[in-house]
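S.K.: A single structure is presented below for examination.
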Amino acid sequence: MTQQSEDIVVPAAAPTFEPSERGSEWWRSAVIYQIYPRSFADASGDGVGDLAGITSRLPALATLDIDAIWLSPFYTSPQRDGGYDVSDYCDIDPLFGTLEDFDRMRAAAHELGIRVIVDLVPNHSSDQHVWFQEALAAGPGSEERARYMFREGRGDNGELPPNNWQSVFGGPAWTRVTEADGSLGQWYLHLFDSTQPDFDWTNRWVRDQFVDILRFWLDRGVDGFRVDVAHGMIKADGLPDYTPPADGASMGGGSATLEPGISDEPLDDPPYWGQEGVHEIYREWREVLDSYPGDRILAAEAWVDPLPKVAKWVRPDEMHQAFNFAYLETPWEAAALRTVIDESLKAFNDVGAPSTWVLSNHDVVRHASRLALTSDHLQGHGVGPLSEGKPDNAVGLRRARAATTMMLALPGSAYIYQGEELGLPEAIELPDSARQDPTWFRTDGERYGRDGCRVPIPWEAGAPAFGFSQTGKSWLPQPVDWATYARDAQTGVAGSTLELYRSALALRSEHGLGLGTLEWQDGYGDDVIAYRNGDVLVVSNAGTTPVTLPSGADVLLSSDAVPSAELGPDTTVWLRA
Ligand code: GLC
């Protein structure tokens, strides 16, 4: 059964979070837990998670020693892209509740010492947003059309799209509209689904609307924003044609490699990602945030490379954090990991920002499966049929536990995606009829998309929908064997993944690892990642043969349920240094 929200006392709406006074810079070492609201906890019983469900489960999250939650979008939306298609930025979709439910959730989180970061989607709105509907109605040349990227088509009769850009979800990035008189008319740009028209961020009117939106949520007491597609809002002048490299990352900065952190050389930029003009937008937003009390943050989702370029998003007058996708995309290989960790610390440190670390989110294959796959399946937006067969869940989970244990001792800020603390694998075998990601539809089933990492998470092994909803409904079907991953089946069980996360997070905070410094340790061999952070020695074996540990070492934590004097393959330990 879903826990009742009466479990916690919800204080009257408090506009700011007292512990995060200006200058505390809590975000430098924060552990931020990502909630994908559709799939976290469903209090209404309709099969889609909601804000009241989140509120009811906050006490469970508070046992994890997290600093903040980041919620993927809960705004009014036709849900064509899981809510990343917003039709009202200042209201809650009825699927998720009401603004009062948000206030209760925010207040309850603050009461528990957890900050609340919301997701802002500024690159595009839903086509159902009143601004886009007005733009369609007003016709070519109007002020309303100038809010979005409308252009005339090429060809004798405008029958060809304005350029050759492709949507991240597959197919052309342009759709032609039918004008009010019934004739075929202009085209509009959508880097994602055709229901997600891109704004024209050179237009001051658009900028002003978003400053108001920031203020709306800051006034409601949020502690920050995760900024969606923060590398995409400005497009190169003239919208020149661009053909990405065949094996390039679909969201990345024109990279031809899945290991963007490995190279220092700037790679060719697509004319729609990582344009210089985006930075002045964030400088203006930073001023808005700084005008509020408390330490409120901006975190960039910027799929650009190499890392020194990502660091531009977190220069002192821009954002506070940027996701480290170079780290996420690095395979479970010691040399590659050492390199990306070095490059991350250097690149972010050069601009005075903390590095971030992340292994999973709602766009990529869960790392408990990904780490047992070969690298051509790393791209969440591009996941295709698994030609190499299904990943071995036991291998994947063992590596995931080792990888997370290694990550959580790194200095900087770490992100956790809901369910990874349960060791959830990707739900690879979803029936095709259940799939909902626009990628699946836009590629005619060639790419599965991201539904497999978005399946509602299990709370209670013996309850309907494993405790996700009291009615047993679930918007994506949960694999039948997920009872073993349920939170209650792992709580208090020595060696469970949940207890591993709990211990790691408690030790991380106790030893101040987030604010520490990393010193590499030699002598363990090429397949080992070994570093010291303060009084903790981390040894991670990414190889295939056991590694001898210092004799008499005091084991603080082990990713293997049975730690021993020898460190087995795919295992990480924290030793008292
Ligand atoms: C970001 C989101 C992703 C969404 C896309 C379009 O990459 O993380 O889920 O589909 O933007 O908004």
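The way I read the labels, and the way they are meant: chains A, B, ... in the order of the structure tokens, residue 1 as the first residue of every chain, and ligand 1 as the first ligand shown, with later ones counted on from there.
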Please list as number ranges by chain every residue within 12 Å of Glu280 in chain A, counting only C-alpha atoms and excluding residues in the same chain fewer than 5 positions away.

M.R.: A: 201-202, 207, 230, 233-234, 275, 285-287, 312-313, 315, 317-319

S.K.: Output N, CA and C atoms for every residue in the selection just made, as a CSV table (one decimal), in the first residue's frame.

M.R.:
```
chain,number,residue,atom,x,y,z
A,201,TRP,N,14.9,32.2,-29.6
A,201,TRP,CA,15.5,32.8,-28.4
A,201,TRP,C,16.2,34.1,-28.8
A,202,THR,N,16.2,34.5,-30.0
A,202,THR,CA,16.7,35.9,-30.3
A,202,THR,C,15.7,36.9,-30.1
A,207,ARG,N,12.4,35.8,-24.2
A,207,ARG,CA,13.3,35.9,-23.0
A,207,ARG,C,12.5,36.5,-21.8
A,230,ALA,N,19.9,22.8,-22.6
A,230,ALA,CA,20.5,24.1,-22.4
A,230,ALA,C,21.6,24.4,-23.4
A,233,MET,N,19.3,26.4,-27.5
A,233,MET,CA,18.3,27.5,-27.7
A,233,MET,C,18.6,28.4,-28.8
A,234,ILE,N,19.9,28.6,-29.1
A,234,ILE,CA,20.3,29.5,-30.1
A,234,ILE,C,20.8,28.7,-31.3
A,275,GLN,N,25.8,26.8,-29.5
A,275,GLN,CA,26.2,28.1,-30.1
A,275,GLN,C,26.5,29.1,-29.0
A,285,TRP,N,19.7,34.9,-16.5
A,285,TRP,CA,19.0,34.1,-15.5
A,285,TRP,C,19.8,34.0,-14.2
A,286,ARG,N,21.1,34.0,-14.3
A,286,ARG,CA,21.9,34.0,-13.0
A,286,ARG,C,21.6,35.2,-12.2
A,287,GLU,N,21.4,36.3,-12.9
A,287,GLU,CA,21.1,37.6,-12.1
A,287,GLU,C,19.7,37.4,-11.4
A,312,LYS,N,32.0,25.8,-20.0
A,312,LYS,CA,31.6,27.2,-20.3
A,312,LYS,C,30.2,27.5,-19.7
A,313,TRP,N,29.4,26.4,-19.6
A,313,TRP,CA,28.0,26.6,-19.0
A,313,TRP,C,28.1,27.0,-17.5
A,315,ARG,N,30.6,28.8,-16.0
A,315,ARG,CA,31.5,29.9,-15.6
A,315,ARG,C,30.8,30.7,-14.5
A,317,ASP,N,29.6,33.5,-13.8
A,317,ASP,CA,28.3,34.3,-13.9
A,317,ASP,C,27.2,33.5,-14.7
A,318,GLU,N,27.4,32.2,-14.9
A,318,GLU,CA,26.4,31.5,-15.6
A,318,GLU,C,25.7,30.5,-14.7
A,319,MET,N,25.8,29.2,-15.0
A,319,MET,CA,25.1,28.2,-14.2
A,319,MET,C,26.0,27.7,-13.1
```

S.K.: Distance limit 7 Å, reference ligand 1, atoms considered: only C-alpha atoms and all ligand atoms. Which residues make the cut? Give them as a PyMOL selection string.

M.R.: chain A and resi 81+84-85+121+192+228-229+362-363

S.K.: Write out, as a JSON list (two decimals), in the first residue's frame, the residues just selected, with N, CA, C and O atoms.

M.R.:
```json
[["chain", "number", "residue", "atom", "x", "y", "z"],
["A", 81, "ASP", "N", 5.83, 13.89, -25.05],
["A", 81, "ASP", "CA", 7.22, 13.53, -24.75],
["A", 81, "ASP", "C", 7.40, 13.48, -23.23],
["A", 81, "ASP", "O", 8.27, 14.13, -22.66],
["A", 84, "TYR", "N", 7.89, 16.76, -21.41],
["A", 84, "TYR", "CA", 8.87, 17.72, -21.94],
["A", 84, "TYR", "C", 8.26, 18.50, -23.12],
["A", 84, "TYR", "O", 8.97, 19.10, -23.93],
["A", 85, "ASP", "N", 6.96, 18.44, -23.21],
["A", 85, "ASP", "CA", 6.19, 19.22, -24.19],
["A", 85, "ASP", "C", 5.18, 20.01, -23.36],
["A", 85, "ASP", "O", 4.09, 19.55, -23.07],
["A", 121, "VAL", "N", 11.92, 23.79, -19.35],
["A", 121, "VAL", "CA", 12.06, 23.33, -20.74],
["A", 121, "VAL", "C", 11.97, 24.54, -21.67],
["A", 121, "VAL", "O", 10.89, 24.84, -22.21],
["A", 192, "PHE", "N", 13.01, 18.28, -31.71],
["A", 192, "PHE", "CA", 12.54, 17.03, -31.12],
["A", 192, "PHE", "C", 11.26, 16.62, -31.87],
["A", 192, "PHE", "O", 11.24, 16.66, -33.10],
["A", 228, "ASP", "N", 16.57, 22.06, -19.39],
["A", 228, "ASP", "CA", 16.49, 21.08, -20.47],
["A", 228, "ASP", "C", 17.09, 21.64, -21.76],
["A", 228, "ASP", "O", 16.85, 22.81, -22.11],
["A", 229, "VAL", "N", 17.86, 20.82, -22.47],
["A", 229, "VAL", "CA", 18.44, 21.20, -23.76],
["A", 229, "VAL", "C", 19.10, 22.58, -23.66],
["A", 229, "VAL", "O", 18.88, 23.46, -24.50],
["A", 362, "HIS", "N", 16.65, 9.59, -17.11],
["A", 362, "HIS", "CA", 15.45, 9.11, -17.80],
["A", 362, "HIS", "C", 15.63, 9.05, -19.32],
["A", 362, "HIS", "O", 14.67, 8.77, -20.03],
["A", 363, "ASP", "N", 16.82, 9.35, -19.82],
["A", 363, "ASP", "CA", 17.06, 9.34, -21.27],
["A", 363, "ASP", "C", 18.01, 8.24, -21.71],
["A", 363, "ASP", "O", 18.23, 8.08, -22.92]]
```

S.K.: Could you give me, as a ChimeraX atom specification, the residues within 7 Å of range 340-349 of chain A, counting only C-alpha atoms and dropping anything in the same chain fewer than 2 positions from it?

M.R.: /A:261-262,307-308,311,327,336-338,351-355

S.K.: Would you mind exporting C-alpha atoms of the selected residues as a compact mmCIF listing (two decimals), in the first residue's frame?

M.R.:
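Below you can see again08.txt, which holds the result:
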```
# COMPACT_ATOMS: atom_id res chain seq x y z
CA GLY A 261 35.69 13.43 -22.61
CA ILE A 262 38.62 11.68 -24.17
CA LEU A 307 34.52 18.80 -21.32
CA PRO A 308 36.19 22.25 -21.43
CA ALA A 311 32.54 23.98 -18.47
CA TYR A 327 31.41 10.49 -17.56
CA ALA A 336 39.01 5.49 -19.79
CA LEU A 337 37.53 6.25 -16.38
CA ARG A 338 40.78 7.65 -15.00
CA VAL A 351 36.16 27.73 -14.14
CA GLY A 352 35.72 27.35 -10.38
CA ALA A 353 32.79 24.95 -10.63
CA PRO A 354 32.35 21.52 -9.04
CA SER A 355 32.43 18.51 -11.29
```

S.K.: Check the smallest atom-to-atom distance from each of A:Asn123, A:Asn157, A:Ser559, A:Ser474 to Leu575 in chain A using only C-alpha atoms, then report the winner.

M.R.: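 Among the listed residues, A:Ser559 lies closest to Leu575 in chain A.
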
S.K.: From the options A:His231, A:His511, A:Arg115, A:Arg487, which residue's atoms come nearest to Ile32 in chain A, counting only C-alpha atoms?

M.R.: A:Arg115

S.K.: Could you please determine the separation between CA of Arg176 in chain A and CA of Pro162 in chain A in Å, to one decimal place?

M.R.: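 Between CA of Arg176 in chain A and CA of Pro162 in chain A the gap works out to 9.9 Å.
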